[in-house]
Amino acid sequence: MKSDAVIELRNVSKAYERHTVLRNINLQVRAGEFLTLLGPSGCGKTTILRLLAGFEQADSGEILIAGRDMRALPPEQRHINTVFQSYALFPHLTVFENVAFGPRLQGVRGADLQERVLEALRMVKLEDYSARRPGQLSGGQQQRVAIARAVVNRPLVLLLDEPLSALDYKLRKAMQIELKQLQRRLGITFIFVTHDQEEALSMSDRVAVMNAGRIEQLGTPRQIYETPENLFVARFVGEINTLFGRVVAVDPPYYDICVHERIVRLKSKFIFASGDRVNILIRPEDLRIWREHEGSDEERATLFPAAVEDVVYKGSTVDLIIRLDNGDRLSTTQFFNEDDQAIVNLDFQPGERVFVDWVHDWEVILPHED
Amino acid sequence: MSVKRAARIAYLLLIYGFLYLPILVLVVYSFNDSKYSLEWRGLTWDWYQALLDDPDLWQVALNSALIATLSATVATVIGTMAAVALYRYRFFGKTLLNGLVFVLMLTPDIVMGIALLILFTSLSLPLGFWTLLLAHITFSIPFVVVSVLSRISGFDRYLIEAAKDLGASEFQTFRRVLLPMLAPAVLAGWLLSFTLSMDDVMVSFFVTGPSFEILPLKIYSMVRLGVTPEINALCTLMLGVTLSMVLVAQALLRDRGT
Ligand SMILES: Nc1ncnc2c1ncn2[C@@H]1O[C@H](COP(=O)(O)OP(=O)(O)O)[C@@H](O)[C@H]1O
Ligand SMILES: [Mg+2]
């Protein structure tokens, strides 16, 4: 079976002692793509990278790199390089020697070596620092040396294990952009690990959301965010509101769902039967808030009455915490909108009575879990 | 305020005096131009000259230097490998071995001396050069292990994996990453072992025979006939060598390799 996958995991499982860390992982990584493993701490992201790099062996399943089974190949013979979370730069070597480490082992010498190392350092804008030792560099610079040291080997795949988590917010944002540009320029496949959903969504071509040793969903950032396949993914990739409902009438792909004593007609790609319990998921920015004087009585009949519980001013948005009259708490994000005179002034007060609905079709309906 | 200060200075002087005055007296008297009296009769190099002119003493000093060099070198090789193994690999009895290193360091010399003596006689090894060397290697190893292990434990634990990731074999990893990074600790371990060997009386007393004399034991037997200025001079020289080696070792251990 031929495919354009540089990396393929087939039914890979891994346990440490008796604690299962990965369960039946199936994953194909395409050549040149930026794939992110996203998940909470301890879900097995690092373990996947360690299996690919060759530091651990899978208990079962196959790992193919460029179509070759990797089982017997030790790390030093794999065409893969890693950027470690702690950078793991050699403290006794200069920046130049750190970057030259890999090429030297490949037998590159003299002017060739000089040129290749300097090119890698230029790429990360550190050519003026080649004589320094890692201890004399800032965190961001060390990070870039670690990247240069890996990419100078022109690996098939670059593995990056939470490379930005040690950096402060501003530097992290800057490095996200730099990394993405670097990846485009080099055309190297990146497998990037993070537990930060925003980072994953903004950088990746595809994201694999992981939980407890499984891949819950694999898709583009947009698919992951807008059409999560289960509650875990929905909640992990961003804030989301959950409304409980029950299917009362079926007309695929349309379903009449009873939510808080109101019937709403919604579309879903799932198949439901009448009487099924469902969760309706709505992102905060898709909720609409109506003030008491807005809308006609007719419109009001379809809205959910609620009260403002908290108002959080965020600069470009105002976040409202809303409590529905039946007790559910929802969070909403309201954007300042210059065109809309009614909304331009988001001076909500805690305790204020409001009405809530959402832009239909932007919700996701999932079977009720547990 | 100033009374308190004066009291503090007096206290410090007392302590330092107690600790270092005997040594200072020894050094000073090694330059005293008087064979028998403790009266100060002016500076002289005579006693150092006498040492230089004593061929027997030279032989004994060379013996000591040989044992110290050999035992330090062997202990350093074994101790370094042991420390690397303790750090890198998981194996049966690792915790036990780790504990034994400290037990060995804390074992009273007299116990170790007698234990080794029993071992050597039960193996019917003739006491002399070889038994002495083995004994010195034995008591030096733990100091090398501890010195190297304390440095290696400070390393980023992914350094070795990083080297392999970049294509280094096991040997290349040791040669290009571990060894250069450990070098200061390895050298410090060697210097410590060397001085331990040069100074040792207790263990050596039990495990050497008449065929092979070493400096500390020689001094010990000379002192029984009375402390002479030559002995003061000899001790001053040994003090100088030991002190400079310990200082170098300390400096090496302090450099954490930025
Ligand atoms: N060498 C190991 N021995 C035993 N358990 C381990 C080992 N490495 C990782 N684990 C466990 O495996 C699980 C997954 O770890 P990891 O892949 O590092 O997660 P992540 O990188 O997603 O935070 C965790 O529960 C962790 O405690
Ligand atoms: Mg991890």
# chains A, B, ... in the order shown; residues from 1 in each chain; ligands from 1
call {"tool": "interface_residues", "arguments": {"of": "chain B", "to": "chain A", "cutoff": "10 Å", "atoms": "only C-alpha atoms", "output": "ChimeraX atom specification"}}
result
/B:155-170,172,176-178,180-182,256-258
call {"tool": "write_last_selection", "arguments": {"atoms": "C-alpha atoms", "output": "PDB file, in the first residue's frame"}}
result
ATOM      1  CA  PHE B 155      23.277  17.361  33.618  1.00  0.00           C
ATOM      2  CA  ASP B 156      20.145  17.706  31.581  1.00  0.00           C
ATOM      3  CA  ARG B 157      19.028  14.084  31.420  1.00  0.00           C
ATOM      4  CA  TYR B 158      18.177  14.394  27.740  1.00  0.00           C
ATOM      5  CA  LEU B 159      21.745  15.266  26.667  1.00  0.00           C
ATOM      6  CA  ILE B 160      22.604  11.669  25.937  1.00  0.00           C
ATOM      7  CA  GLU B 161      19.429  11.206  23.948  1.00  0.00           C
ATOM      8  CA  ALA B 162      20.151  14.431  22.085  1.00  0.00           C
ATOM      9  CA  ALA B 163      23.552  13.058  21.057  1.00  0.00           C
ATOM     10  CA  LYS B 164      22.002   9.816  19.803  1.00  0.00           C
ATOM     11  CA  ASP B 165      19.270  11.761  18.072  1.00  0.00           C
ATOM     12  CA  LEU B 166      21.977  13.610  16.142  1.00  0.00           C
ATOM     13  CA  GLY B 167      23.521  10.335  15.055  1.00  0.00           C
ATOM     14  CA  ALA B 168      26.120   9.520  17.716  1.00  0.00           C
ATOM     15  CA  SER B 169      26.801   5.890  18.574  1.00  0.00           C
ATOM     16  CA  GLU B 170      27.194   4.761  22.181  1.00  0.00           C
ATOM     17  CA  GLN B 172      30.721   8.624  20.235  1.00  0.00           C
ATOM     18  CA  ARG B 176      32.123  13.604  22.626  1.00  0.00           C
ATOM     19  CA  VAL B 177      29.519  14.422  25.227  1.00  0.00           C
ATOM     20  CA  LEU B 178      29.902  12.569  28.496  1.00  0.00           C
ATOM     21  CA  PRO B 180      34.334  16.254  28.029  1.00  0.00           C
ATOM     22  CA  MET B 181      31.517  17.316  30.301  1.00  0.00           C
ATOM     23  CA  LEU B 182      32.759  15.073  33.076  1.00  0.00           C
ATOM     24  CA  ARG B 256      29.901  23.614  36.711  1.00  0.00           C
ATOM     25  CA  GLY B 257      30.597  24.020  33.017  1.00  0.00           C
ATOM     26  CA  THR B 258      28.429  26.912  31.868  1.00  0.00           C
TER      27      THR B 258
END
call {"tool": "select_by_dssp", "arguments": {"residues": "range 130-226 of chain A", "states": "helix (DSSP H, G or I)", "output": "MDAnalysis selection string"}}
result
chainID A and resid 134:136 139:151 169:186 197:203 221:226
call {"tool": "residues_around", "arguments": {"residues": "Leu324 in chain A", "least_positions_apart": "3", "cutoff": "6 Å", "atoms": "only C-alpha atoms", "output": "ChimeraX atom specification"}}
result
/A:306,327-328
call {"tool": "residues_near_ligand", "arguments": {"ligand": "ligand 1", "cutoff": "10 Å", "atoms": "only C-alpha atoms and all ligand atoms", "output": "mmCIF file with N, CA, C and O atoms, in the first residue's frame"}}
result
data_model
loop_
_atom_site.group_PDB
_atom_site.id
_atom_site.type_symbol
_atom_site.label_atom_id
_atom_site.label_comp_id
_atom_site.auth_asym_id
_atom_site.auth_seq_id
_atom_site.Cartn_x
_atom_site.Cartn_y
_atom_site.Cartn_z
ATOM 1 N N LYS A 14 1.401 1.047 23.652
ATOM 2 C CA LYS A 14 2.604 1.103 24.483
ATOM 3 C C LYS A 14 2.194 1.173 25.949
ATOM 4 O O LYS A 14 1.285 1.913 26.315
ATOM 5 N N ALA A 15 2.858 0.371 26.756
ATOM 6 C CA ALA A 15 2.606 0.423 28.198
ATOM 7 C C ALA A 15 3.939 0.517 28.931
ATOM 8 O O ALA A 15 4.942 -0.019 28.470
ATOM 9 N N TYR A 16 3.946 1.247 30.030
ATOM 10 C CA TYR A 16 5.101 1.240 30.928
ATOM 11 C C TYR A 16 4.718 0.367 32.105
ATOM 12 O O TYR A 16 3.733 0.658 32.776
ATOM 13 N N GLU A 17 5.509 -0.659 32.332
ATOM 14 C CA GLU A 17 5.126 -1.666 33.305
ATOM 15 C C GLU A 17 3.701 -2.115 32.978
ATOM 16 O O GLU A 17 3.477 -2.627 31.922
ATOM 17 N N ARG A 18 2.704 -1.824 33.870
ATOM 18 C CA ARG A 18 1.369 -2.283 33.516
ATOM 19 C C ARG A 18 0.429 -1.142 33.216
ATOM 20 O O ARG A 18 -0.776 -1.301 33.083
ATOM 21 N N HIS A 19 1.021 0.067 33.108
ATOM 22 C CA HIS A 19 0.226 1.265 32.900
ATOM 23 C C HIS A 19 0.204 1.584 31.398
ATOM 24 O O HIS A 19 1.233 1.911 30.811
ATOM 25 N N THR A 20 -0.966 1.414 30.782
ATOM 26 C CA THR A 20 -1.067 1.632 29.341
ATOM 27 C C THR A 20 -1.024 3.127 29.029
ATOM 28 O O THR A 20 -1.777 3.902 29.602
ATOM 29 N N VAL A 21 -0.118 3.493 28.132
ATOM 30 C CA VAL A 21 0.083 4.903 27.821
ATOM 31 C C VAL A 21 -0.477 5.255 26.447
ATOM 32 O O VAL A 21 -0.997 6.340 26.228
ATOM 33 N N LEU A 22 -0.367 4.319 25.501
ATOM 34 C CA LEU A 22 -0.934 4.532 24.173
ATOM 35 C C LEU A 22 -1.802 3.328 23.812
ATOM 36 O O LEU A 22 -1.392 2.182 24.011
ATOM 37 N N LEU A 37 0.288 17.381 17.911
ATOM 38 C CA LEU A 37 -0.356 16.506 18.881
ATOM 39 C C LEU A 37 -0.765 17.392 20.048
ATOM 40 O O LEU A 37 0.080 18.009 20.689
ATOM 41 N N LEU A 38 -2.077 17.459 20.266
ATOM 42 C CA LEU A 38 -2.597 18.344 21.304
ATOM 43 C C LEU A 38 -3.315 17.506 22.339
ATOM 44 O O LEU A 38 -4.109 16.625 21.984
ATOM 45 N N GLY A 39 -3.042 17.755 23.597
ATOM 46 C CA GLY A 39 -3.743 17.007 24.633
ATOM 47 C C GLY A 39 -3.250 17.404 26.001
ATOM 48 O O GLY A 39 -2.191 18.023 26.113
ATOM 49 N N PRO A 40 -3.988 17.034 27.017
ATOM 50 C CA PRO A 40 -3.582 17.386 28.377
ATOM 51 C C PRO A 40 -2.308 16.654 28.770
ATOM 52 O O PRO A 40 -1.930 15.666 28.142
ATOM 53 N N SER A 41 -1.659 17.140 29.788
ATOM 54 C CA SER A 41 -0.422 16.535 30.257
ATOM 55 C C SER A 41 -0.651 15.078 30.653
ATOM 56 O O SER A 41 -1.641 14.755 31.291
ATOM 57 N N GLY A 42 0.245 14.198 30.213
ATOM 58 C CA GLY A 42 0.136 12.789 30.575
ATOM 59 C C GLY A 42 -0.689 11.955 29.610
ATOM 60 O O GLY A 42 -0.887 10.774 29.835
ATOM 61 N N CYS A 43 -1.130 12.534 28.489
ATOM 62 C CA CYS A 43 -1.993 11.773 27.588
ATOM 63 C C CYS A 43 -1.187 10.926 26.603
ATOM 64 O O CYS A 43 -1.749 10.152 25.850
ATOM 65 N N GLY A 44 0.134 11.078 26.597
ATOM 66 C CA GLY A 44 0.957 10.215 25.753
ATOM 67 C C GLY A 44 1.602 10.904 24.558
ATOM 68 O O GLY A 44 2.163 10.234 23.692
ATOM 69 N N LYS A 45 1.590 12.219 24.520
ATOM 70 C CA LYS A 45 2.169 12.938 23.382
ATOM 71 C C LYS A 45 3.665 12.684 23.268
ATOM 72 O O LYS A 45 4.174 12.330 22.203
ATOM 73 N N THR A 46 4.357 12.881 24.389
ATOM 74 C CA THR A 46 5.808 12.679 24.373
ATOM 75 C C THR A 46 6.144 11.239 24.006
ATOM 76 O O THR A 46 7.109 10.984 23.275
ATOM 77 N N THR A 47 5.333 10.329 24.482
ATOM 78 C CA THR A 47 5.594 8.916 24.191
ATOM 79 C C THR A 47 5.554 8.655 22.686
ATOM 80 O O THR A 47 6.387 7.911 22.163
ATOM 81 N N ILE A 48 4.620 9.273 21.979
ATOM 82 C CA ILE A 48 4.574 9.101 20.520
ATOM 83 C C ILE A 48 5.875 9.605 19.888
ATOM 84 O O ILE A 48 6.483 8.927 19.053
ATOM 85 N N LEU A 49 6.332 10.781 20.326
ATOM 86 C CA LEU A 49 7.580 11.308 19.767
ATOM 87 C C LEU A 49 8.753 10.373 20.079
ATOM 88 O O LEU A 49 9.615 10.141 19.242
ATOM 89 N N ARG A 50 8.779 9.846 21.290
ATOM 90 C CA ARG A 50 9.883 8.969 21.680
ATOM 91 C C ARG A 50 9.869 7.660 20.889
ATOM 92 O O ARG A 50 10.924 7.094 20.596
ATOM 93 N N LEU A 51 8.684 7.205 20.540
ATOM 94 C CA LEU A 51 8.593 6.015 19.688
ATOM 95 C C LEU A 51 9.135 6.323 18.299
ATOM 96 O O LEU A 51 9.858 5.524 17.704
ATOM 97 N N GLU A 56 12.033 4.693 22.558
ATOM 98 C CA GLU A 56 11.191 3.664 23.159
ATOM 99 C C GLU A 56 10.740 2.716 22.050
ATOM 100 O O GLU A 56 10.719 3.094 20.883
ATOM 101 N N ASP A 161 8.972 18.803 20.961
ATOM 102 C CA ASP A 161 8.201 18.492 22.163
ATOM 103 C C ASP A 161 8.004 19.740 23.021
ATOM 104 O O ASP A 161 8.917 20.157 23.719
ATOM 105 N N GLU A 162 6.852 20.329 22.950
ATOM 106 C CA GLU A 162 6.526 21.543 23.702
ATOM 107 C C GLU A 162 7.693 22.528 23.695
ATOM 108 O O GLU A 162 8.150 22.972 24.746
ATOM 109 N N VAL A 193 4.377 19.113 19.482
ATOM 110 C CA VAL A 193 3.570 18.716 20.638
ATOM 111 C C VAL A 193 3.273 19.932 21.499
ATOM 112 O O VAL A 193 4.162 20.751 21.746
ATOM 113 N N THR A 194 2.030 20.066 21.909
ATOM 114 C CA THR A 194 1.691 21.146 22.821
ATOM 115 C C THR A 194 0.455 20.769 23.623
ATOM 116 O O THR A 194 -0.294 19.884 23.251
ATOM 117 N N HIS A 195 0.296 21.429 24.776
ATOM 118 C CA HIS A 195 -0.967 21.257 25.491
ATOM 119 C C HIS A 195 -1.778 22.543 25.406
ATOM 120 O O HIS A 195 -2.790 22.701 26.057
ATOM 121 N N MET A 210 -5.535 14.474 21.573
ATOM 122 C CA MET A 210 -5.341 13.224 22.293
ATOM 123 C C MET A 210 -5.912 13.298 23.692
ATOM 124 O O MET A 210 -5.948 14.349 24.307
ATOM 125 N N ASN A 211 -6.324 12.140 24.170
ATOM 126 C CA ASN A 211 -6.794 12.039 25.546
ATOM 127 C C ASN A 211 -6.535 10.620 26.030
ATOM 128 O O ASN A 211 -6.901 9.663 25.354
ATOM 129 N N ALA A 212 -5.887 10.492 27.165
ATOM 130 C CA ALA A 212 -5.661 9.201 27.809
ATOM 131 C C ALA A 212 -5.187 8.124 26.829
ATOM 132 O O ALA A 212 -5.723 7.020 26.786
ATOM 133 N N GLY A 213 -4.178 8.459 26.032
ATOM 134 C CA GLY A 213 -3.569 7.463 25.172
ATOM 135 C C GLY A 213 -4.288 7.179 23.870
ATOM 136 O O GLY A 213 -3.952 6.234 23.160
#
call {"tool": "residues_around", "arguments": {"residues": "range 219-235 of chain B", "least_positions_apart": "5", "cutoff": "10 Å", "atoms": "only C-alpha atoms", "output": "ChimeraX atom specification"}}
result
/B:23,25-38,45-51,57,61,201,205,214,240-241
call {"tool": "residues_around", "arguments": {"residues": "range 136-153 of chain B", "least_positions_apart": "6", "cutoff": "9 Å", "atoms": "only C-alpha atoms", "output": "compact mmCIF listing (two decimals) with N, CA and C atoms, in the first residue's frame"}}
result
# COMPACT_ATOMS: atom_id res chain seq x y z
N ILE B 67 52.80 4.55 43.75
CA ILE B 67 51.54 3.97 44.22
C ILE B 67 50.40 4.97 44.04
N ALA B 68 50.67 6.21 44.41
CA ALA B 68 49.61 7.22 44.33
C ALA B 68 49.16 7.42 42.88
N LEU B 70 49.51 5.33 40.25
CA LEU B 70 48.84 4.14 39.71
C LEU B 70 47.45 3.95 40.33
N SER B 71 47.39 4.05 41.65
CA SER B 71 46.08 3.79 42.28
C SER B 71 45.07 4.87 41.88
N ALA B 72 45.51 6.12 41.79
CA ALA B 72 44.59 7.18 41.40
C ALA B 72 44.09 6.94 39.98
N THR B 73 44.98 6.51 39.09
CA THR B 73 44.59 6.32 37.70
C THR B 73 43.59 5.17 37.56
N VAL B 74 43.92 4.04 38.19
CA VAL B 74 43.01 2.90 38.09
C VAL B 74 41.67 3.22 38.76
N ALA B 75 41.73 3.83 39.95
CA ALA B 75 40.49 4.17 40.66
C ALA B 75 39.65 5.14 39.84
N THR B 76 40.30 6.06 39.13
CA THR B 76 39.57 7.03 38.34
C THR B 76 38.85 6.36 37.17
N VAL B 77 39.54 5.44 36.51
CA VAL B 77 38.90 4.74 35.39
C VAL B 77 37.70 3.93 35.89
N ILE B 78 37.94 3.13 36.94
CA ILE B 78 36.85 2.29 37.45
C ILE B 78 35.72 3.15 38.02
N GLY B 79 36.10 4.15 38.81
CA GLY B 79 35.09 5.00 39.45
C GLY B 79 34.26 5.77 38.45
N THR B 80 34.89 6.27 37.38
CA THR B 80 34.15 7.02 36.36
C THR B 80 33.16 6.11 35.65
N MET B 81 33.63 4.91 35.29
CA MET B 81 32.73 3.99 34.60
C MET B 81 31.57 3.59 35.52
N ALA B 82 31.88 3.39 36.79
CA ALA B 82 30.83 3.02 37.75
C ALA B 82 29.80 4.15 37.86
N ALA B 83 30.28 5.38 37.92
CA ALA B 83 29.36 6.52 38.06
C ALA B 83 28.47 6.64 36.83
N VAL B 84 29.08 6.48 35.64
CA VAL B 84 28.29 6.57 34.40
C VAL B 84 27.24 5.46 34.37
N LEU B 86 25.95 3.93 36.97
CA LEU B 86 24.94 4.22 37.99
C LEU B 86 23.95 5.26 37.48
N TYR B 87 24.42 6.18 36.67
CA TYR B 87 23.56 7.24 36.16
C TYR B 87 22.69 6.76 35.00
N LEU B 100 26.44 1.27 48.92
CA LEU B 100 27.74 0.71 49.29
C LEU B 100 28.87 1.71 49.09
N VAL B 101 28.72 2.56 48.06
CA VAL B 101 29.74 3.56 47.80
C VAL B 101 29.94 4.42 49.05
N PHE B 102 28.81 4.82 49.66
CA PHE B 102 28.91 5.68 50.84
C PHE B 102 29.40 4.91 52.06
N LEU B 104 31.44 2.52 52.02
CA LEU B 104 32.88 2.37 51.83
C LEU B 104 33.62 3.64 52.23
N MET B 105 33.04 4.79 51.91
CA MET B 105 33.68 6.06 52.26
C MET B 105 33.72 6.26 53.77
N ASP B 109 39.20 3.60 58.69
CA ASP B 109 40.40 3.08 58.01
C ASP B 109 40.90 1.80 58.66
N MET B 112 38.92 -1.08 57.47
CA MET B 112 39.26 -1.43 56.09
C MET B 112 40.63 -2.08 56.02
N LEU B 178 29.73 12.87 27.08
CA LEU B 178 29.90 12.57 28.50
C LEU B 178 31.30 12.93 29.00
N MET B 181 32.29 16.63 29.28
CA MET B 181 31.52 17.32 30.30
C MET B 181 31.90 16.85 31.69
N LEU B 182 32.39 15.61 31.77
CA LEU B 182 32.76 15.07 33.08
C LEU B 182 34.21 15.38 33.43
N ALA B 183 34.98 15.84 32.43
CA ALA B 183 36.42 15.97 32.62
C ALA B 183 36.83 16.64 33.93
N PRO B 184 36.25 17.79 34.29
CA PRO B 184 36.68 18.41 35.54
C PRO B 184 36.48 17.49 36.75
N ALA B 185 35.35 16.80 36.77
CA ALA B 185 35.07 15.91 37.91
C ALA B 185 35.99 14.70 37.90
N VAL B 186 36.31 14.21 36.71
CA VAL B 186 37.21 13.07 36.60
C VAL B 186 38.60 13.46 37.11
N ALA B 188 39.32 15.95 39.10
CA ALA B 188 39.23 16.21 40.54
C ALA B 188 39.27 14.89 41.30
N GLY B 189 38.58 13.90 40.79
CA GLY B 189 38.58 12.58 41.43
C GLY B 189 39.99 12.00 41.46
N TRP B 190 40.72 12.20 40.37
CA TRP B 190 42.09 11.69 40.30
C TRP B 190 42.97 12.38 41.35
N LEU B 192 42.07 13.89 44.10
CA LEU B 192 41.68 13.47 45.45
C LEU B 192 42.26 12.10 45.76
N SER B 193 42.14 11.18 44.81
CA SER B 193 42.66 9.83 45.02
C SER B 193 44.16 9.88 45.27
N PHE B 194 44.83 10.72 44.48
CA PHE B 194 46.29 10.83 44.62
C PHE B 194 46.67 11.29 46.03
N LEU B 196 44.82 11.15 48.74
CA LEU B 196 44.42 10.13 49.73
C LEU B 196 45.50 9.07 49.85
N SER B 197 46.03 8.67 48.69
CA SER B 197 47.05 7.63 48.68
C SER B 197 48.35 8.13 49.30
N ASP B 200 47.97 8.26 53.21
CA ASP B 200 47.42 7.17 54.01
C ASP B 200 48.46 6.45 54.87
N VAL B 203 45.56 2.31 56.57
CA VAL B 203 45.34 1.14 55.73
C VAL B 203 46.68 0.55 55.29
N SER B 204 47.59 1.43 54.88
CA SER B 204 48.88 0.97 54.37
C SER B 204 49.64 0.19 55.43
N LEU B 253 35.91 21.26 40.62
CA LEU B 253 34.56 20.84 40.97
C LEU B 253 33.60 22.02 40.99
N ARG B 256 30.99 24.51 37.10
CA ARG B 256 29.90 23.61 36.71
C ARG B 256 29.72 23.57 35.19
call {"tool": "residues_around", "arguments": {"residues": "range 230-246 of chain A", "least_positions_apart": "2", "cutoff": "7 Å", "atoms": "only C-alpha atoms", "output": "ChimeraX atom specification"}}
result
/A:197,209,216,225,228,248,257-259,275-284,330-331,366
call {"tool": "atom_distance", "arguments": {"atom1": "CA of Ser64 in chain B", "atom2": "CA of Pro216 in chain B"}}
result
8.3 Å
call {"tool": "residues_around", "arguments": {"residues": "Thr131 in chain B", "least_positions_apart": "6", "cutoff": "10 Å", "atoms": "only C-alpha atoms", "output": "number ranges by chain"}}
result
B: 116-117, 119-121, 125, 137, 204, 206-209
call {"tool": "write_last_selection", "arguments": {"atoms": "N, CA, C and O atoms", "output": "CSV table (one decimal), in the first residue's frame"}}
result
chain,number,residue,atom,x,y,z
B,116,LEU,N,41.1,-5.8,54.6
B,116,LEU,CA,42.0,-6.1,53.5
B,116,LEU,C,43.1,-7.1,53.8
B,116,LEU,O,43.4,-7.9,53.0
B,117,LEU,N,43.7,-6.9,55.0
B,117,LEU,CA,44.7,-7.8,55.4
B,117,LEU,C,44.2,-9.2,55.5
B,117,LEU,O,44.9,-10.1,55.0
B,119,LEU,N,41.7,-10.4,53.9
B,119,LEU,CA,41.5,-10.9,52.5
B,119,LEU,C,42.8,-11.3,51.8
B,119,LEU,O,42.9,-12.4,51.3
B,120,PHE,N,43.8,-10.5,51.9
B,120,PHE,CA,45.1,-10.8,51.2
B,120,PHE,C,45.8,-12.0,51.8
B,120,PHE,O,46.3,-12.8,51.1
B,121,THR,N,45.7,-12.1,53.1
B,121,THR,CA,46.4,-13.3,53.7
B,121,THR,C,45.6,-14.6,53.4
B,121,THR,O,46.2,-15.6,53.1
B,125,LEU,N,48.4,-13.8,49.3
B,125,LEU,CA,49.1,-12.8,48.5
B,125,LEU,C,50.2,-12.3,49.4
B,125,LEU,O,50.0,-11.9,50.6
B,137,ILE,N,43.6,1.5,45.6
B,137,ILE,CA,42.6,1.6,44.6
B,137,ILE,C,41.2,1.5,45.3
B,137,ILE,O,40.3,2.3,45.0
B,204,SER,N,47.6,1.4,54.9
B,204,SER,CA,48.9,1.0,54.4
B,204,SER,C,49.6,0.2,55.4
B,204,SER,O,50.3,-0.8,55.1
B,206,PHE,N,48.6,-1.9,57.5
B,206,PHE,CA,48.2,-3.3,57.6
B,206,PHE,C,48.6,-4.1,56.3
B,206,PHE,O,48.9,-5.2,56.4
B,207,VAL,N,48.6,-3.4,55.2
B,207,VAL,CA,48.7,-4.2,53.9
B,207,VAL,C,50.0,-4.2,53.2
B,207,VAL,O,50.2,-4.7,52.2
B,208,THR,N,51.0,-3.4,53.8
B,208,THR,CA,52.3,-3.5,53.1
B,208,THR,C,53.3,-4.3,53.9
B,208,THR,O,53.1,-4.5,55.1
B,209,GLY,N,54.3,-4.8,53.2
B,209,GLY,CA,55.3,-5.6,53.9
B,209,GLY,C,56.6,-4.8,54.0
B,209,GLY,O,56.7,-3.7,53.5
call {"tool": "closest_residue", "arguments": {"among": "A:Leu113, A:Leu27, A:Leu160, A:Leu287", "to": "ligand 2", "atoms": "only C-alpha atoms and all ligand atoms"}}
result
A:Leu160
call {"tool": "select_by_dssp", "arguments": {"residues": "range 149-328 of chain A", "states": "strand (DSSP E or B)", "output": "MDAnalysis selection string"}}
result
chainID A and resid 157:161 189:194 206:211 214:219 241:251 254:259 262:267 277:282 287:291 304:313 317:324
